[in-house]
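Colleague: Dropping in start_9.txt, with compact mmCIF, C-alpha atoms.
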```
# COMPACT_ATOMS: atom_id res chain seq x y z
CA MET D 46 20.64 55.56 1.41
CA THR D 47 19.16 54.98 4.87
CA ALA D 48 15.45 55.15 5.43
CA THR D 49 14.16 58.19 7.33
CA ILE D 50 10.87 59.09 8.91
CA ALA D 51 9.36 62.56 9.32
CA ILE D 52 8.33 63.55 12.83
CA THR D 53 7.59 66.84 14.56
CA VAL D 54 9.62 67.84 17.62
CA ASN D 55 8.55 70.95 19.54
CA GLY D 56 6.54 72.06 16.53
CA GLU D 57 9.41 71.67 14.05
CA ARG D 58 9.50 69.00 11.38
CA ARG D 59 12.54 66.71 11.45
CA GLU D 60 13.73 63.77 9.38
CA ILE D 61 15.42 61.09 11.47
CA PRO D 62 16.98 57.77 10.46
CA ALA D 63 14.62 54.84 10.98
CA PRO D 64 14.08 52.78 12.97
CA ALA D 65 14.34 55.07 15.98
CA THR D 66 13.13 55.06 19.56
CA VAL D 67 12.43 57.90 21.98
CA ALA D 68 15.85 57.19 23.54
CA ASP D 69 17.49 57.52 20.09
CA LEU D 70 15.79 60.86 19.52
CA LEU D 71 16.96 62.27 22.87
CA ALA D 72 20.51 61.13 22.17
CA ARG D 73 20.32 62.68 18.70
CA ILE D 74 19.26 66.10 20.00
CA GLY D 75 21.65 65.84 22.93
CA LEU D 76 19.14 65.89 25.78
CA ASP D 77 19.81 64.24 29.12
CA PRO D 78 16.71 62.08 29.79
CA ARG D 79 17.04 62.82 33.51
CA LYS D 80 15.96 66.44 33.03
CA VAL D 81 13.01 66.08 30.66
CA ALA D 82 9.79 64.21 30.11
CA VAL D 83 8.75 63.34 26.57
CA GLU D 84 5.26 63.80 25.24
CA ARG D 85 4.34 61.78 22.14
CA ASN D 86 1.03 62.44 20.43
CA LEU D 87 -0.35 64.22 23.53
CA GLU D 88 0.71 61.48 25.95
CA ILE D 89 3.68 61.32 28.33
CA VAL D 90 5.99 58.41 27.49
CA PRO D 91 7.12 56.60 30.68
CA ARG D 92 10.88 56.95 31.03
CA SER D 93 11.10 53.18 31.58
CA THR D 94 9.96 52.67 27.95
CA TYR D 95 12.14 55.24 26.10
CA ALA D 96 14.38 52.52 24.68
CA THR D 97 11.46 50.38 23.50
CA THR D 98 9.07 53.06 22.22
CA ALA D 99 9.53 53.15 18.45
CA LEU D 100 8.83 56.40 16.66
CA ALA D 101 6.45 56.34 13.70
CA ALA D 102 6.12 58.70 10.76
CA GLY D 103 3.93 61.64 11.66
CA ASP D 104 4.56 61.41 15.41
CA ARG D 105 4.32 64.72 17.21
CA LEU D 106 6.73 65.00 20.12
CA GLU D 107 7.22 67.71 22.71
CA ILE D 108 10.05 67.91 25.18
CA VAL D 109 8.63 68.77 28.62
CA HIS D 110 11.13 70.41 30.93
CA PHE D 111 11.57 69.01 34.43
CA ILE D 112 10.93 72.06 36.59
CA GLY D 113 10.51 72.32 40.34
CA GLY D 114 10.33 75.96 41.35
CA GLY D 115 7.66 77.35 43.61
CA MET W 9 -20.02 65.87 58.90
CA VAL W 10 -21.51 68.61 56.75
CA THR W 11 -23.88 70.98 58.54
CA LEU W 12 -25.62 73.98 57.00
CA ASP W 13 -25.66 76.28 60.06
CA PHE W 14 -24.23 79.34 58.30
CA THR W 15 -24.27 82.73 59.98
CA GLU W 16 -25.67 85.75 58.11
CA ALA W 17 -22.10 86.95 57.60
CA GLU W 18 -21.01 83.63 56.13
CA LEU W 19 -24.01 83.52 53.76
CA HIS W 20 -23.12 87.01 52.60
CA ARG W 21 -19.39 86.34 52.33
CA TYR W 22 -19.85 83.18 50.26
CA SER W 23 -22.96 84.31 48.34
CA ARG W 24 -21.21 84.21 44.92
CA HIS W 25 -20.20 80.61 45.57
CA ILE W 26 -23.59 79.60 46.89
CA LEU W 27 -25.16 80.99 43.69
CA LEU W 28 -23.21 78.45 41.65
CA PRO W 29 -25.34 75.32 41.15
CA GLU W 30 -22.14 73.24 41.34
CA VAL W 31 -21.30 74.67 44.80
CA GLY W 32 -24.46 75.82 46.55
CA ALA W 33 -24.90 75.82 50.32
CA ILE W 34 -23.97 72.14 50.54
CA GLY W 35 -20.72 72.65 48.64
CA GLN W 36 -19.88 75.67 50.74
CA ALA W 37 -20.51 73.62 53.90
CA ARG W 38 -18.30 70.91 52.44
CA LEU W 39 -15.47 73.43 51.99
CA ARG W 40 -15.90 74.59 55.58
CA ALA W 41 -15.60 70.98 56.77
CA SER W 42 -12.45 70.45 54.66
CA SER W 43 -8.77 70.83 55.42
CA VAL W 44 -5.81 71.47 53.12
CA LEU W 45 -2.07 71.38 53.80
CA VAL W 46 -0.16 73.98 51.77
CA VAL W 47 3.55 73.20 51.63
CA GLY W 48 5.57 76.29 50.78
CA ALA W 49 4.34 79.86 51.35
CA GLY W 50 6.12 81.23 48.28
CA GLY W 51 5.15 82.21 44.76
CA LEU W 52 2.67 79.34 44.36
CA GLY W 53 1.65 79.06 48.00
CA SER W 54 0.73 82.75 48.30
CA PRO W 55 -2.18 82.90 45.83
CA LEU W 56 -3.04 79.27 46.56
CA ALA W 57 -3.47 79.76 50.31
CA LEU W 58 -5.21 83.12 49.85
CA TYR W 59 -7.81 81.65 47.47
CA LEU W 60 -8.39 78.61 49.70
CA ALA W 61 -8.95 80.92 52.67
CA ALA W 62 -11.18 83.28 50.69
CA ALA W 63 -13.18 80.26 49.49
CA GLY W 64 -13.83 79.23 53.09
CA VAL W 65 -11.79 76.03 53.35
CA GLY W 66 -12.30 75.41 57.07
CA ARG W 67 -8.77 74.52 58.12
CA ILE W 68 -5.58 75.41 56.25
CA GLY W 69 -2.11 74.30 57.34
CA ILE W 70 0.90 76.21 56.00
CA VAL W 71 4.39 74.74 56.11
CA ASP W 72 7.43 76.97 55.56
CA HIS W 73 10.73 77.14 57.33
CA ASP W 74 12.14 80.25 55.65
CA ALA W 75 12.31 83.88 56.67
CA LEU W 76 10.82 86.43 54.26
CA GLU W 77 13.42 88.11 52.04
CA LEU W 78 13.18 91.16 49.81
CA SER W 79 13.68 89.10 46.63
CA ASN W 80 10.56 87.05 47.54
CA LEU W 81 8.22 90.01 47.18
CA GLN W 82 8.39 90.18 43.36
CA ARG W 83 5.98 87.19 43.38
CA GLN W 84 5.07 86.03 46.90
CA ILE W 85 2.04 88.26 47.33
CA ALA W 86 0.74 86.90 50.64
CA HIS W 87 3.59 88.78 52.32
CA THR W 88 4.37 92.45 52.85
CA THR W 89 7.45 94.62 52.96
CA ALA W 90 6.71 95.32 56.62
CA ARG W 91 7.03 91.61 57.41
CA LEU W 92 10.55 91.14 55.99
CA GLY W 93 12.54 88.76 58.19
CA ARG W 94 9.45 87.05 59.61
CA ASN W 95 8.77 83.36 59.12
CA LYS W 96 6.85 82.93 55.87
CA ALA W 97 4.24 80.50 57.24
CA GLU W 98 3.45 83.03 60.00
CA SER W 99 3.41 85.93 57.56
CA ALA W 100 1.06 84.09 55.19
CA ALA W 101 -1.19 83.13 58.11
CA GLU W 102 -1.57 86.83 58.93
CA ALA W 103 -2.65 87.55 55.35
CA LEU W 104 -5.16 84.70 55.43
CA ALA W 105 -6.61 85.77 58.77
CA ALA W 106 -6.99 89.33 57.50
CA LEU W 107 -8.78 88.10 54.36
CA ASN W 108 -11.09 85.61 56.08
CA PRO W 109 -11.14 85.30 59.88
CA GLU W 110 -13.77 82.53 59.58
CA VAL W 111 -11.14 79.96 58.61
CA GLN W 112 -8.66 78.28 60.93
CA VAL W 113 -5.02 78.62 59.90
CA GLU W 114 -2.35 76.35 61.33
CA VAL W 115 1.26 77.54 61.12
CA HIS W 116 3.97 74.91 60.73
CA ALA W 117 7.15 77.00 60.83
CA ARG W 118 9.46 74.12 60.06
CA HIS W 119 11.22 72.28 57.28
CA LEU W 120 9.14 69.42 55.89
CA ASP W 121 11.22 66.32 56.56
CA ALA W 122 9.98 62.71 56.52
CA ASP W 123 8.86 62.82 60.17
CA ALA W 124 6.92 66.03 59.63
CA ALA W 125 5.33 64.62 56.46
CA GLU W 126 4.15 61.54 58.34
CA ALA W 127 2.83 63.61 61.22
CA LEU W 128 1.12 66.35 59.20
CA ILE W 129 -0.25 64.80 56.00
CA PRO W 130 -2.80 62.43 57.65
CA ARG W 131 -4.30 65.44 59.49
CA TYR W 132 -5.48 67.04 56.22
CA ASP W 133 -7.86 65.97 53.45
CA LEU W 134 -5.65 67.18 50.61
CA VAL W 135 -2.08 68.39 50.12
CA CYS W 136 -0.77 71.12 47.80
CA ASP W 137 2.87 71.24 46.76
CA GLY W 138 4.23 74.73 46.22
CA THR W 139 7.78 73.96 47.30
CA ASP W 140 11.03 75.09 45.76
CA ASN W 141 13.20 71.98 45.79
CA PHE W 142 13.11 68.49 44.34
CA ALA W 143 13.91 66.74 47.63
CA THR W 144 10.73 68.05 49.26
CA ARG W 145 8.73 67.49 46.07
CA PHE W 146 9.70 63.81 45.97
CA LEU W 147 9.13 63.41 49.70
CA LEU W 148 5.63 64.89 49.36
CA GLY W 149 4.81 62.77 46.31
CA ASP W 150 5.91 59.57 48.01
CA ALA W 151 4.29 60.46 51.33
CA CYS W 152 0.92 61.39 49.80
CA HIS W 153 0.82 58.10 47.88
CA LEU W 154 1.79 56.02 50.93
CA LEU W 155 -0.46 57.92 53.36
CA GLY W 156 -3.41 58.05 50.96
CA ARG W 157 -3.92 61.74 50.29
CA PRO W 158 -4.54 63.52 46.98
CA LEU W 159 -1.68 65.81 45.94
CA VAL W 160 -2.15 68.92 43.81
CA SER W 161 1.30 69.81 42.55
CA ALA W 162 2.41 72.91 40.65
CA ALA W 163 5.87 73.96 39.49
CA VAL W 164 7.30 77.03 37.78
CA LEU W 165 10.50 78.24 36.11
CA ARG W 166 11.11 81.32 33.95
CA PHE W 167 7.89 81.70 31.92
CA GLU W 168 6.68 78.13 32.29
CA GLY W 169 4.27 76.42 34.63
CA GLN W 170 3.14 72.83 35.11
CA LEU W 171 0.25 71.42 37.12
CA ALA W 172 -0.73 67.87 38.02
CA VAL W 173 -3.08 66.10 40.44
CA PHE W 174 -1.85 62.79 41.83
CA GLU W 175 -4.29 60.27 43.29
CA SER W 176 -2.30 57.08 42.81
CA HIS W 177 -3.30 55.82 46.26
CA ARG W 178 -6.74 55.10 44.74
CA GLY W 179 -5.11 52.57 42.42
CA PRO W 180 -5.17 52.29 38.62
CA PRO W 181 -5.60 54.18 36.37
CA PHE W 182 -4.29 57.08 38.47
CA PRO W 183 -0.55 57.82 38.05
CA CYS W 184 1.80 59.07 40.76
CA HIS W 185 4.49 61.73 40.54
CA ARG W 186 7.15 59.10 39.76
CA CYS W 187 5.20 58.00 36.66
CA LEU W 188 6.13 61.44 35.30
CA HIS W 189 9.67 61.71 36.70
CA PRO W 190 11.02 58.50 38.28
CA GLU W 191 13.85 60.26 40.16
CA PRO W 192 14.84 63.82 41.07
CA PRO W 193 17.32 65.31 38.61
CA PRO W 194 20.97 65.10 39.67
CA PRO W 195 22.10 68.30 41.44
CA GLY W 196 23.00 71.07 39.00
CA LEU W 197 21.20 69.62 35.96
CA VAL W 198 18.04 71.71 36.31
CA PRO W 199 18.45 75.44 37.01
CA SER W 200 16.71 77.07 39.97
CA CYS W 201 14.53 80.17 39.92
CA SER W 202 17.34 81.98 41.72
CA GLU W 203 19.64 81.02 38.85
CA ALA W 204 17.25 81.22 35.90
CA GLY W 205 14.54 83.56 37.24
CA VAL W 206 10.76 83.37 37.13
CA LEU W 207 8.11 85.89 36.09
CA GLY W 208 6.14 86.67 39.23
CA ALA W 209 2.75 86.61 37.53
CA VAL W 210 3.45 83.08 36.23
CA THR W 211 3.62 81.82 39.82
CA GLY W 212 0.34 83.63 40.48
CA VAL W 213 -1.45 81.90 37.60
CA MET W 214 -0.13 78.48 38.54
CA GLY W 215 -0.92 78.89 42.26
CA THR W 216 -4.43 79.99 41.32
CA LEU W 217 -4.90 76.99 39.00
CA GLN W 218 -3.66 74.82 41.85
CA ALA W 219 -6.29 76.34 44.18
CA THR W 220 -8.95 75.72 41.52
CA GLU W 221 -8.07 72.01 41.23
CA ALA W 222 -7.96 71.69 45.03
CA LEU W 223 -11.41 73.31 45.40
CA LYS W 224 -12.85 71.11 42.61
CA ARG W 225 -11.52 68.04 44.37
CA LEU W 226 -12.91 69.09 47.77
CA LEU W 227 -16.29 69.88 46.19
CA GLY W 228 -16.27 66.76 44.00
CA ILE W 229 -17.15 68.74 40.86
CA GLY W 230 -15.92 68.86 37.29
CA GLU W 231 -13.28 66.80 35.57
CA SER W 232 -10.15 66.38 37.66
CA LEU W 233 -6.71 66.92 36.17
CA ALA W 234 -5.68 63.56 37.67
CA GLY W 235 -4.22 61.46 34.86
CA ARG W 236 -3.19 64.52 32.87
CA LEU W 237 -0.43 67.11 33.00
CA LEU W 238 -1.07 70.78 32.28
CA ILE W 239 1.82 72.68 30.70
CA TRP W 240 1.70 76.44 30.24
CA ASP W 241 4.16 78.50 28.26
CA ALA W 242 3.44 82.12 29.13
CA LEU W 243 5.62 83.56 26.33
CA ASP W 244 3.72 81.64 23.62
CA MET W 245 0.52 81.89 25.71
CA ARG W 246 -0.15 78.26 25.00
CA PHE W 247 -1.78 75.82 27.43
CA ARG W 248 -1.47 72.11 26.68
CA THR W 249 -3.00 69.21 28.55
CA VAL W 250 -1.35 65.86 27.91
CA ARG W 251 -2.23 62.41 29.11
CA LEU W 252 -0.17 60.97 31.98
CA ARG W 253 -0.69 57.24 32.44
CA ARG W 254 0.25 55.04 35.36
CA ASP W 255 3.60 53.41 34.57
CA PRO W 256 3.44 49.66 35.34
CA ALA W 257 7.20 49.82 36.01
CA CYS W 258 6.90 52.71 38.51
CA ALA W 259 8.92 52.23 41.70
CA LEU W 260 6.19 53.84 43.84
CA CYS W 261 2.85 52.75 42.36
CA GLY W 262 3.86 50.04 39.88
CA GLU W 263 3.17 46.34 39.97
CA ARG W 264 6.54 45.62 41.59
CA ALA W 265 6.92 48.79 43.63
CA THR W 266 10.09 49.03 45.67
CA ILE W 267 9.30 52.23 47.59
CA ARG W 268 7.19 51.15 50.56
CA ASP W 269 8.09 53.79 53.15
CA LEU W 270 9.94 57.08 53.50
CA ALA W 271 13.23 55.51 54.58
CA ALA W 272 15.14 56.82 51.54
CA HIS W 273 14.10 60.36 52.44
CA ARG W 274 15.49 59.96 55.95
CA ALA W 275 18.86 58.86 54.56
CA ALA W 276 19.09 61.59 51.92
CA PRO W 277 20.95 64.81 52.65
CA ALA W 278 19.12 68.09 52.09
CA ALA W 279 19.14 68.84 48.37
CA PRO W 280 19.71 72.32 46.96
CA ARG W 281 16.52 74.24 46.43
CA VAL W 282 15.46 75.19 42.94
CA CYS W 283 13.42 78.31 43.52
CA ALA W 284 14.85 79.91 46.61
CA ALA W 285 15.04 83.56 47.42
```
Here is the file; what I need is its structure written in the form of structure tokens.
Modeller:
Amino acid sequence: MTATIAITVNGERREIPAPATVADLLARIGLDPRKVAVERNLEIVPRSTYATTALAAGDRLEIVHFIGGG
Amino acid sequence: MVTLDFTEAELHRYSRHILLPEVGAIGQARLRASSVLVVGAGGLGSPLALYLAAAGVGRIGIVDHDALELSNLQRQIAHTTARLGRNKAESAAEALAALNPEVQVEVHARHLDADAAEALIPRYDLVCDGTDNFATRFLLGDACHLLGRPLVSAAVLRFEGQLAVFESHRGPPFPCHRCLHPEPPPPGLVPSCSEAGVLGAVTGVMGTLQATEALKRLLGIGESLAGRLLIWDALDMRFRTVRLRRDPACALCGERATIRDLAAHRAAPAAPRVCAA
């Protein structure tokens, strides 16, 4: 039995195997990091730190789309 | 230099601003002495430029290379059906002049390349990005940082809008556009408005928010959005403001920045636009 942590992604609760980073989460939900930004607990996570930012139980994450229309 | 020599007509025109303690006659004179470069006379640029002109921003530059098309008019409300086929910077300038002949409008009917960015940006106090492609967005973000101008940047797609103010040239803690997205997305990864659509009124809200942040910055009032990102989902009718910090590893404003000029933008081919007609 692997340990899991409960986090919220785009308002929906998810259980993910721990330990996990922001990069792990994006890979798990199949999102290309080049087309999103990630917000964790109301703060944008720099893309340079996705692989080193560990997720903690109770984290609230939102996927922010990279848009550029005018 | 701020002078208070308003005409009767100006006092009357701007009376609802002058009534605001945060603006007053001094703030209104400050707006008249200010200049803003609006890049893109489209869905964002239309309400943005109209509100800046109505507010009495003394000099407004409008950059747009494109000719007005029928599919623009669902959202680009500075234009008219009668002006189809005309250059959009010229068409918008007509709308601004009709709304407020007191302000000076400068038409730049050209594509914004690196040379144009270097020539135009230093001539204005503040820059607003309402463009429709990532190549120009990254050029503007880099150029404003390197040339030392605040950038008020809005973007739209479908029912979503985002707004940010970048002042990274002032140093920490202010982030730049590359602290949010280090690189443009590879071609084809992010859909364009012409592929995915956009609700016209969403561009209107975002362009108007952009004008509001620009006016606040020119007046020096309120709490700037700099250091935060505003995200609006019109379908959920939910606004969120999240913190955007300066990334120490950023290639433009970080401790070991590698982008020191606009050379990469001169080498790059024109990228596909993301919100074209």
Colleague: So what do you get for CA of Thr15 (chain W) versus CA of Ala103 (chain W), distance-wise?
Modeller: 22.6 Å
Colleague: Counting all atoms listed in the file, which residues from chain W have an atom at most 9 Å from any atom of chain D, and could you show them as number ranges by chain?
Modeller: W: 48-53, 137-142, 145, 162-165, 168-170, 187-194, 197-201, 206, 211, 215, 236-237, 239, 248-255, 257-258, 281-284
Colleague: Once you count only C-alpha atoms, which residues end up no further than 8 Å from (6.7, 57.2, 13.5) in the file's frame, shown as an MDAnalysis selection string?
Modeller: chainID D and resid 50:52 99:104
Colleague: What does the structure give for the distance between CA of Ala151 (chain W) and CA of Ala62 (chain W), in Å to one decimal?
Modeller: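 CA of Ala62 (chain W) lies at a distance of 27.6 Å from CA of Ala151 (chain W).
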Colleague: Just the residues within 6 Å of Val54 (chain D), please, counting only C-alpha atoms, with nothing from its chain fewer than 2 positions along; format it as an mmCIF file with C-alpha atoms, keeping the file's coordinate frame.
Modeller:
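Result went into result32.cif, see below:
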```cif
data_model
loop_
_atom_site.group_PDB
_atom_site.id
_atom_site.type_symbol
_atom_site.label_atom_id
_atom_site.label_comp_id
_atom_site.auth_asym_id
_atom_site.auth_seq_id
_atom_site.Cartn_x
_atom_site.Cartn_y
_atom_site.Cartn_z
ATOM 1 C CA GLY D 56 6.540 72.060 16.530
ATOM 2 C CA GLU D 57 9.410 71.670 14.050
ATOM 3 C CA LEU D 106 6.730 65.000 20.120
ATOM 4 C CA GLU D 107 7.220 67.710 22.710
#
```
Colleague: Find the spatial neighbours of Ala219 (chain W), counting only C-alpha atoms, within a cut-off of 7 Å - ignore same-chain residues fewer than 5 positions away - and output them as a list in words.
Modeller: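 In the requested form, the answer reads Leu56, Tyr59 and Leu60 of chain W.
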Colleague: Record the distance separating CA of Thr11 (chain W) and CA of Ala100 (chain W), expressed in Å with one decimal.
Modeller: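 Straight-line distance from CA of Thr11 (chain W) to CA of Ala100 (chain W) works out to 28.4 Å.
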Colleague: With all atoms listed in the file as the counted atoms, please give the residues lying no more than 9 Å from region 71-87 of chain W, apart from itself and same-chain residues fewer than 3 positions off, as a CSV table (one decimal) with C-alpha atoms, in the coordinates of the input.
Modeller:
```csv
chain,number,residue,atom,x,y,z
W,45,LEU,CA,-2.1,71.4,53.8
W,46,VAL,CA,-0.2,74.0,51.8
W,47,VAL,CA,3.6,73.2,51.6
W,48,GLY,CA,5.6,76.3,50.8
W,49,ALA,CA,4.3,79.9,51.4
W,50,GLY,CA,6.1,81.2,48.3
W,51,GLY,CA,5.2,82.2,44.8
W,52,LEU,CA,2.7,79.3,44.4
W,53,GLY,CA,1.6,79.1,48.0
W,54,SER,CA,0.7,82.8,48.3
W,55,PRO,CA,-2.2,82.9,45.8
W,57,ALA,CA,-3.5,79.8,50.3
W,58,LEU,CA,-5.2,83.1,49.8
W,90,ALA,CA,6.7,95.3,56.6
W,91,ARG,CA,7.0,91.6,57.4
W,92,LEU,CA,10.6,91.1,56.0
W,93,GLY,CA,12.5,88.8,58.2
W,94,ARG,CA,9.4,87.0,59.6
W,95,ASN,CA,8.8,83.4,59.1
W,96,LYS,CA,6.8,82.9,55.9
W,97,ALA,CA,4.2,80.5,57.2
W,98,GLU,CA,3.4,83.0,60.0
W,99,SER,CA,3.4,85.9,57.6
W,100,ALA,CA,1.1,84.1,55.2
W,101,ALA,CA,-1.2,83.1,58.1
W,102,GLU,CA,-1.6,86.8,58.9
W,103,ALA,CA,-2.6,87.6,55.4
W,104,LEU,CA,-5.2,84.7,55.4
W,114,GLU,CA,-2.4,76.4,61.3
W,115,VAL,CA,1.3,77.5,61.1
W,116,HIS,CA,4.0,74.9,60.7
W,117,ALA,CA,7.2,77.0,60.8
W,118,ARG,CA,9.5,74.1,60.1
W,119,HIS,CA,11.2,72.3,57.3
W,120,LEU,CA,9.1,69.4,55.9
W,139,THR,CA,7.8,74.0,47.3
W,206,VAL,CA,10.8,83.4,37.1
W,207,LEU,CA,8.1,85.9,36.1
W,208,GLY,CA,6.1,86.7,39.2
W,209,ALA,CA,2.8,86.6,37.5
W,210,VAL,CA,3.4,83.1,36.2
W,211,THR,CA,3.6,81.8,39.8
W,212,GLY,CA,0.3,83.6,40.5
W,284,ALA,CA,14.8,79.9,46.6
W,285,ALA,CA,15.0,83.6,47.4
```
Colleague: Excluding region 22-28 of chain W and its own-chain neighbours fewer than 5 positions away, which residues fall within 9 Å of it when counting only C-alpha atoms? Please give them as JSON, numbers by chain.
Modeller: {"W": [17, 33, 34, 35, 36, 62, 63, 64]}
Colleague: List the neighbours of region 126-134 of chain W out to 9 Å using only C-alpha atoms; skip same-chain residues closer than 5 positions along the sequence, and give me the result as a list of chain:residue names.
Modeller: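 My list of contacting residues is W:Ser42, W:Ser43, W:Val44, W:Leu45, W:Val46, W:Arg67, W:Ile68, W:Gly69, W:Asp121, W:Leu148, W:Ala151, W:Cys152, W:Leu155, W:Gly156, W:Arg157, W:Pro158, W:Leu159, W:Val160, W:Ala222, W:Arg225, W:Leu226, W:Leu270.
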Colleague: Around all of region 77-92 of chain D's listed atoms, make the axis-aligned box with 3 Å on each side and tell me centre and edge lengths in Å to one decimal, as AutoDock Vina command-line options.
Modeller:
```
--center_x 9.7 --center_y 61.5 --center_z 27.0 --size_x 26.2 --size_y 15.8 --size_z 19.1
```
Colleague: W:Pro183, W:Leu223, W:Met214, W:Met245: which is nearest Cys261 (chain W), counting all atoms listed in the file?
Modeller: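 Of W:Pro183, W:Leu223, W:Met214, W:Met245, the one nearest Cys261 (chain W) is W:Pro183, counting all atoms listed in the file.
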Colleague: If I only have part of region 89-107 of chain D, can you fill in N, CA and C atoms and write it as an mmCIF file, in the frame of the given file?
Modeller:
```cif
data_model
loop_
_atom_site.group_PDB
_atom_site.id
_atom_site.type_symbol
_atom_site.label_atom_id
_atom_site.label_comp_id
_atom_site.auth_asym_id
_atom_site.auth_seq_id
_atom_site.Cartn_x
_atom_site.Cartn_y
_atom_site.Cartn_z
ATOM 1 N N ILE D 89 2.332 61.441 27.763
ATOM 2 C CA ILE D 89 3.680 61.320 28.330
ATOM 3 C C ILE D 89 4.171 59.876 28.156
ATOM 4 N N VAL D 90 5.387 59.738 27.653
ATOM 5 C CA VAL D 90 5.990 58.410 27.490
ATOM 6 C C VAL D 90 6.725 58.065 28.792
ATOM 7 N N PRO D 91 6.386 56.946 29.448
ATOM 8 C CA PRO D 91 7.120 56.600 30.680
ATOM 9 C C PRO D 91 8.609 56.454 30.385
ATOM 10 N N ARG D 92 9.436 56.990 31.281
ATOM 11 C CA ARG D 92 10.880 56.950 31.030
ATOM 12 C C ARG D 92 11.369 55.503 30.907
ATOM 13 N N SER D 93 10.687 54.589 31.612
ATOM 14 C CA SER D 93 11.100 53.180 31.580
ATOM 15 C C SER D 93 10.929 52.569 30.188
ATOM 16 N N THR D 94 10.204 53.251 29.290
ATOM 17 C CA THR D 94 9.960 52.670 27.950
ATOM 18 C C THR D 94 10.618 53.470 26.827
ATOM 19 N N TYR D 95 11.507 54.431 27.166
ATOM 20 C CA TYR D 95 12.140 55.240 26.100
ATOM 21 C C TYR D 95 12.862 54.357 25.076
ATOM 22 N N ALA D 96 13.553 53.336 25.581
ATOM 23 C CA ALA D 96 14.380 52.520 24.680
ATOM 24 C C ALA D 96 13.552 51.546 23.851
ATOM 25 N N THR D 97 12.295 51.359 24.229
ATOM 26 C CA THR D 97 11.460 50.380 23.500
ATOM 27 C C THR D 97 10.314 51.048 22.760
ATOM 28 N N THR D 98 10.162 52.368 22.916
ATOM 29 C CA THR D 98 9.070 53.060 22.220
ATOM 30 C C THR D 98 9.560 53.508 20.851
ATOM 31 N N ALA D 99 9.112 52.830 19.816
ATOM 32 C CA ALA D 99 9.530 53.150 18.450
ATOM 33 C C ALA D 99 8.757 54.360 17.936
ATOM 34 N N LEU D 100 9.479 55.237 17.249
ATOM 35 C CA LEU D 100 8.830 56.400 16.660
ATOM 36 C C LEU D 100 8.250 56.013 15.298
ATOM 37 N N ALA D 101 7.110 56.612 14.978
ATOM 38 C CA ALA D 101 6.450 56.340 13.700
ATOM 39 C C ALA D 101 6.322 57.646 12.920
ATOM 40 N N ALA D 102 6.279 57.515 11.613
ATOM 41 C CA ALA D 102 6.120 58.700 10.760
ATOM 42 C C ALA D 102 4.893 59.476 11.200
ATOM 43 N N GLY D 103 5.049 60.794 11.278
ATOM 44 C CA GLY D 103 3.930 61.640 11.660
ATOM 45 C C GLY D 103 3.797 61.868 13.159
ATOM 46 N N ASP D 104 4.618 61.196 13.961
ATOM 47 C CA ASP D 104 4.560 61.410 15.410
ATOM 48 C C ASP D 104 4.829 62.876 15.736
ATOM 49 N N ARG D 105 4.104 63.364 16.714
ATOM 50 C CA ARG D 105 4.320 64.720 17.210
ATOM 51 C C ARG D 105 4.861 64.598 18.631
ATOM 52 N N LEU D 106 6.085 65.105 18.806
ATOM 53 C CA LEU D 106 6.730 65.000 20.120
ATOM 54 C C LEU D 106 6.991 66.383 20.695
ATOM 55 N N GLU D 107 6.866 66.478 22.004
ATOM 56 C CA GLU D 107 7.220 67.710 22.710
ATOM 57 C C GLU D 107 8.124 67.330 23.863
#
```
